[in-house]
Amino acid sequence: MMTMKTKKICIILMMIAFLIAVDLYSAPLGKLRVTVLDSKGKPISGVKVTIQDTIDKHLVYTVTTDKAGIAVQVGLQNHVVQVTLDKEGYRSLVKNVKIPLVLLVEERFTMSTVEESLQQQETGNPQAQAIDAFNQAANLIREKKYDEAAAALNKSIALDSTVYQAYYYLGVVYFEQGKFQEAVEPLTKAITLNPGYANSYRLLAAVYEKLGDKTQVEKYTKLAQEKGGKTAPDAYNEGVAAFNAGDMDKAIQAFDEALKLDEKFSPAYFQLGMSYVNKGENEKAVAAFRKYLELKPDGEEAETARSIIESLK
């Protein structure tokens, strides 16, 4: 017969075996550990690491590197994933990584600063030249010199066709110029290069809204929300769709939601005013138009807002 001590040992061993079994069966299929260093081998904290499953596009994970330059994501499927590294002041990196049937796969990245990339330009490095052209474009966009910005972005793309930001900002330029059909191609390319970047979907939804394609607006608005959560432009697009469909109550609800997400999102105030005009609620309409004018006294719809206010007095 087993002694009491032996029984206790057996029970403990059985419990340990049970816990190990549970851990094994509940363990994630794969774990990715990313280490990000600068050109001198020092860790970079605050790097946004986006992990996109290349088979199931809905599987997107975002983690940020800690002080040691390390970020870890668990629960990854046995697929190839696209890893994108972003941090202001550094050149973005994109790499495909295979997640094998093991608990951990480690990847080490080295990110160069924009300044370092520009210095490399002297050696004729095309990637460094592409970054230089991209930075020129960013400054030109801020100055609203859109033709020059488009030329700089096309130069950047010709030198390095893997940087999704260049395609995205080319879409921004075309949108600001009112060239909505031309904006579709670069924004679609930006999505192909980085399926996890919500702004590309969001801007594409705005482009299709201008083109009058309601189906595409709904599609890309939904995708933008899936990738980056709901934002003021998303709610605004929903409001515009409801307004065009004649549902003023739904439109007002959506525009109000947009303003809760961003109280300075001026287009929502203008459309809110238009919605109230359609409902005959003139005081609310005037209040919304005045708020729009506070934010955008010289805005695209400023004269229209002033004229409506005068007519409603």
# chains A, B, ... in the order shown; residues from 1 in each chain; ligands from 1

$ closest_atom_pairs --of "range 51-154 of chain A" --to "range 218-242 of chain A" --cutoff "10 Å" --atoms "only C-alpha atoms" --output "Markdown table"
| residue | atom | partner | partner_atom | distance |
| --- | --- | --- | --- | --- |
| A:Lys57 | CA | A:Lys227 | CA | 9.9 |
| A:His58 | CA | A:Glu226 | CA | 7.8 |
| A:Leu59 | CA | A:Lys227 | CA | 9.3 |
| A:Val60 | CA | A:Lys227 | CA | 7.4 |
| A:Tyr61 | CA | A:Lys227 | CA | 9.4 |

$ residues_around --residues "Leu312 in chain A" --least-positions-apart "6" --cutoff "9 Å" --atoms "only C-alpha atoms" --output "VMD selection string"
chain A and resid 282 to 283 285 to 286

$ write_last_selection --atoms "C-alpha atoms" --output "short mmCIF file (atom, residue, chain, number, x, y, z; two decimals), in the first residue's frame"
data_model
loop_
_atom_site.label_atom_id
_atom_site.label_comp_id
_atom_site.auth_asym_id
_atom_site.auth_seq_id
_atom_site.Cartn_x
_atom_site.Cartn_y
_atom_site.Cartn_z
CA ASN A 282 -33.78 76.43 -38.41
CA GLU A 283 -32.33 77.45 -35.04
CA ALA A 285 -29.21 74.75 -38.44
CA VAL A 286 -27.99 78.30 -37.78
#

$ closest_residue --among "A:Ala130, A:Ile308, A:Leu204, A:Leu159" --to "Arg91 in chain A" --atoms "only C-alpha atoms"
A:Ala130

$ residues_around --residues "Val36 in chain A" --least-positions-apart "3" --cutoff "8 Å" --atoms "only C-alpha atoms" --output "list in words"
Pro43, Ile44, Ser45, Val47, Thr65, Gly69, Ile70, Arg108, Phe109, Thr110 and Met111 of chain A

$ closest_residue --among "A:Leu85, A:Val72, A:Leu153, A:Val34" --to "Glu106 in chain A" --atoms "only C-alpha atoms"
A:Val34

$ atom_distance --atom1 "CA of Tyr208 in chain A" --atom2 "CA of Phe180 in chain A"
7.7 Å

$ select_by_dssp --residues "range 122-192 of chain A" --states "helix (DSSP H, G or I)" --output "MDAnalysis selection string"
chainID A and resid 122:123 126:142 146:159 164:176 180:192

$ write_last_selection --atoms "C-alpha atoms" --output "short mmCIF file (atom, residue, chain, number, x, y, z; two decimals), in the first residue's frame"
data_model
loop_
_atom_site.label_atom_id
_atom_site.label_comp_id
_atom_site.auth_asym_id
_atom_site.auth_seq_id
_atom_site.Cartn_x
_atom_site.Cartn_y
_atom_site.Cartn_z
CA GLU A 122 25.80 60.82 -51.71
CA THR A 123 26.74 57.22 -52.49
CA PRO A 126 18.26 54.75 -54.50
CA GLN A 127 16.36 54.12 -51.27
CA ALA A 128 17.98 57.15 -49.65
CA GLN A 129 17.16 59.24 -52.71
CA ALA A 130 13.56 58.01 -52.52
CA ILE A 131 13.30 59.17 -48.90
CA ASP A 132 14.76 62.54 -49.85
CA ALA A 133 12.13 62.97 -52.58
CA PHE A 134 9.38 61.86 -50.18
CA ASN A 135 10.45 64.41 -47.56
CA GLN A 136 10.50 67.14 -50.18
CA ALA A 137 6.95 66.16 -51.12
CA ALA A 138 5.79 66.31 -47.50
CA ASN A 139 7.03 69.90 -47.21
CA LEU A 140 5.42 70.84 -50.52
CA ILE A 141 2.09 69.38 -49.40
CA ARG A 142 2.19 71.53 -46.26
CA TYR A 146 0.44 70.05 -55.06
CA ASP A 147 1.86 69.82 -58.59
CA GLU A 148 5.42 69.94 -57.28
CA ALA A 149 4.53 67.48 -54.51
CA ALA A 150 3.10 65.02 -57.05
CA ALA A 151 6.30 65.21 -59.10
CA ALA A 152 8.43 64.56 -56.00
CA LEU A 153 6.26 61.61 -54.94
CA ASN A 154 6.39 60.05 -58.41
CA LYS A 155 10.17 60.41 -58.29
CA SER A 156 10.23 58.70 -54.88
CA ILE A 157 8.11 55.83 -56.19
CA ALA A 158 10.33 55.42 -59.26
CA LEU A 159 13.38 55.09 -56.99
CA TYR A 164 3.43 52.69 -49.08
CA GLN A 165 3.50 56.23 -47.63
CA ALA A 166 4.55 57.67 -51.00
CA TYR A 167 1.51 56.12 -52.69
CA TYR A 168 -0.78 57.26 -49.87
CA TYR A 169 0.38 60.86 -50.04
CA LEU A 170 0.11 60.83 -53.83
CA GLY A 171 -3.54 59.93 -53.22
CA VAL A 172 -3.76 62.86 -50.78
CA VAL A 173 -2.37 65.23 -53.41
CA TYR A 174 -4.80 64.06 -56.10
CA PHE A 175 -7.69 64.35 -53.65
CA GLU A 176 -6.76 67.92 -52.74
CA PHE A 180 -10.55 61.85 -57.58
CA GLN A 181 -10.31 59.17 -60.27
CA GLU A 182 -6.52 59.53 -60.39
CA ALA A 183 -6.36 59.05 -56.60
CA VAL A 184 -7.81 55.54 -56.77
CA GLU A 185 -4.73 53.79 -58.18
CA PRO A 186 -2.07 55.04 -55.72
CA LEU A 187 -4.36 54.49 -52.72
CA THR A 188 -5.10 50.95 -53.88
CA LYS A 189 -1.35 50.35 -54.22
CA ALA A 190 -0.77 51.74 -50.71
CA ILE A 191 -3.30 49.21 -49.36
CA THR A 192 -1.55 46.38 -51.22
#

$ closest_residue --among "A:Leu32, A:Pro267, A:Gly280, A:Asn199" --to "Ala305 in chain A" --atoms "only C-alpha atoms"
A:Pro267

$ residues_around --residues "Ala71 in chain A" --least-positions-apart "4" --cutoff "7 Å" --atoms "only C-alpha atoms" --output "PyMOL selection string"
chain A and resi 33-35+63-66

$ write_last_selection --atoms "N, CA and C atoms" --output "PDB file, in the first residue's frame"
ATOM      1  N   ARG A  33       8.797  37.636 -31.778  1.00  0.00           N
ATOM      2  CA  ARG A  33       9.530  38.590 -30.945  1.00  0.00           C
ATOM      3  C   ARG A  33      10.379  39.458 -31.862  1.00  0.00           C
ATOM      4  N   VAL A  34      10.117  40.747 -31.846  1.00  0.00           N
ATOM      5  CA  VAL A  34      10.802  41.696 -32.719  1.00  0.00           C
ATOM      6  C   VAL A  34      11.742  42.559 -31.882  1.00  0.00           C
ATOM      7  N   THR A  35      12.973  42.681 -32.334  1.00  0.00           N
ATOM      8  CA  THR A  35      13.939  43.577 -31.707  1.00  0.00           C
ATOM      9  C   THR A  35      14.337  44.630 -32.732  1.00  0.00           C
ATOM     10  N   VAL A  63       1.641  46.172 -32.055  1.00  0.00           N
ATOM     11  CA  VAL A  63       2.355  46.240 -30.784  1.00  0.00           C
ATOM     12  C   VAL A  63       3.410  47.341 -30.901  1.00  0.00           C
ATOM     13  N   THR A  64       3.942  47.770 -29.763  1.00  0.00           N
ATOM     14  CA  THR A  64       4.932  48.850 -29.745  1.00  0.00           C
ATOM     15  C   THR A  64       6.168  48.404 -28.980  1.00  0.00           C
ATOM     16  N   THR A  65       7.330  48.751 -29.489  1.00  0.00           N
ATOM     17  CA  THR A  65       8.565  48.328 -28.831  1.00  0.00           C
ATOM     18  C   THR A  65       8.745  49.047 -27.494  1.00  0.00           C
ATOM     19  N   ASP A  66       9.324  48.320 -26.531  1.00  0.00           N
ATOM     20  CA  ASP A  66       9.571  48.886 -25.205  1.00  0.00           C
ATOM     21  C   ASP A  66      10.946  49.559 -25.163  1.00  0.00           C
TER      22      ASP A  66
END

$ atom_distance --atom1 "CA of Lys264 in chain A" --atom2 "CA of Tyr292 in chain A"
8.8 Å

$ atom_distance --atom1 "CA of Ile51 in chain A" --atom2 "CA of Val81 in chain A"
6.3 Å

$ select_by_dssp --residues "range 31-229 of chain A" --states "strand (DSSP E or B)" --output "number ranges by chain"
A: 32-37, 43, 48-53, 60-64, 70-73, 80-86, 90, 93-98, 105-110, 113

$ residues_around --residues "Ser307 in chain A" --least-positions-apart "3" --cutoff "12 Å" --atoms "only C-alpha atoms" --output "list in words"
Val286, Phe289, Arg290, Leu293, Glu301, Ala302, Glu303, Thr304, Glu310, Ser311, Leu312 and Lys313 of chain A

$ closest_residue --among "A:Glu300, A:Lys210, A:Asp256, A:Lys95" --to "Thr54 in chain A" --atoms "only C-alpha atoms"
A:Lys95
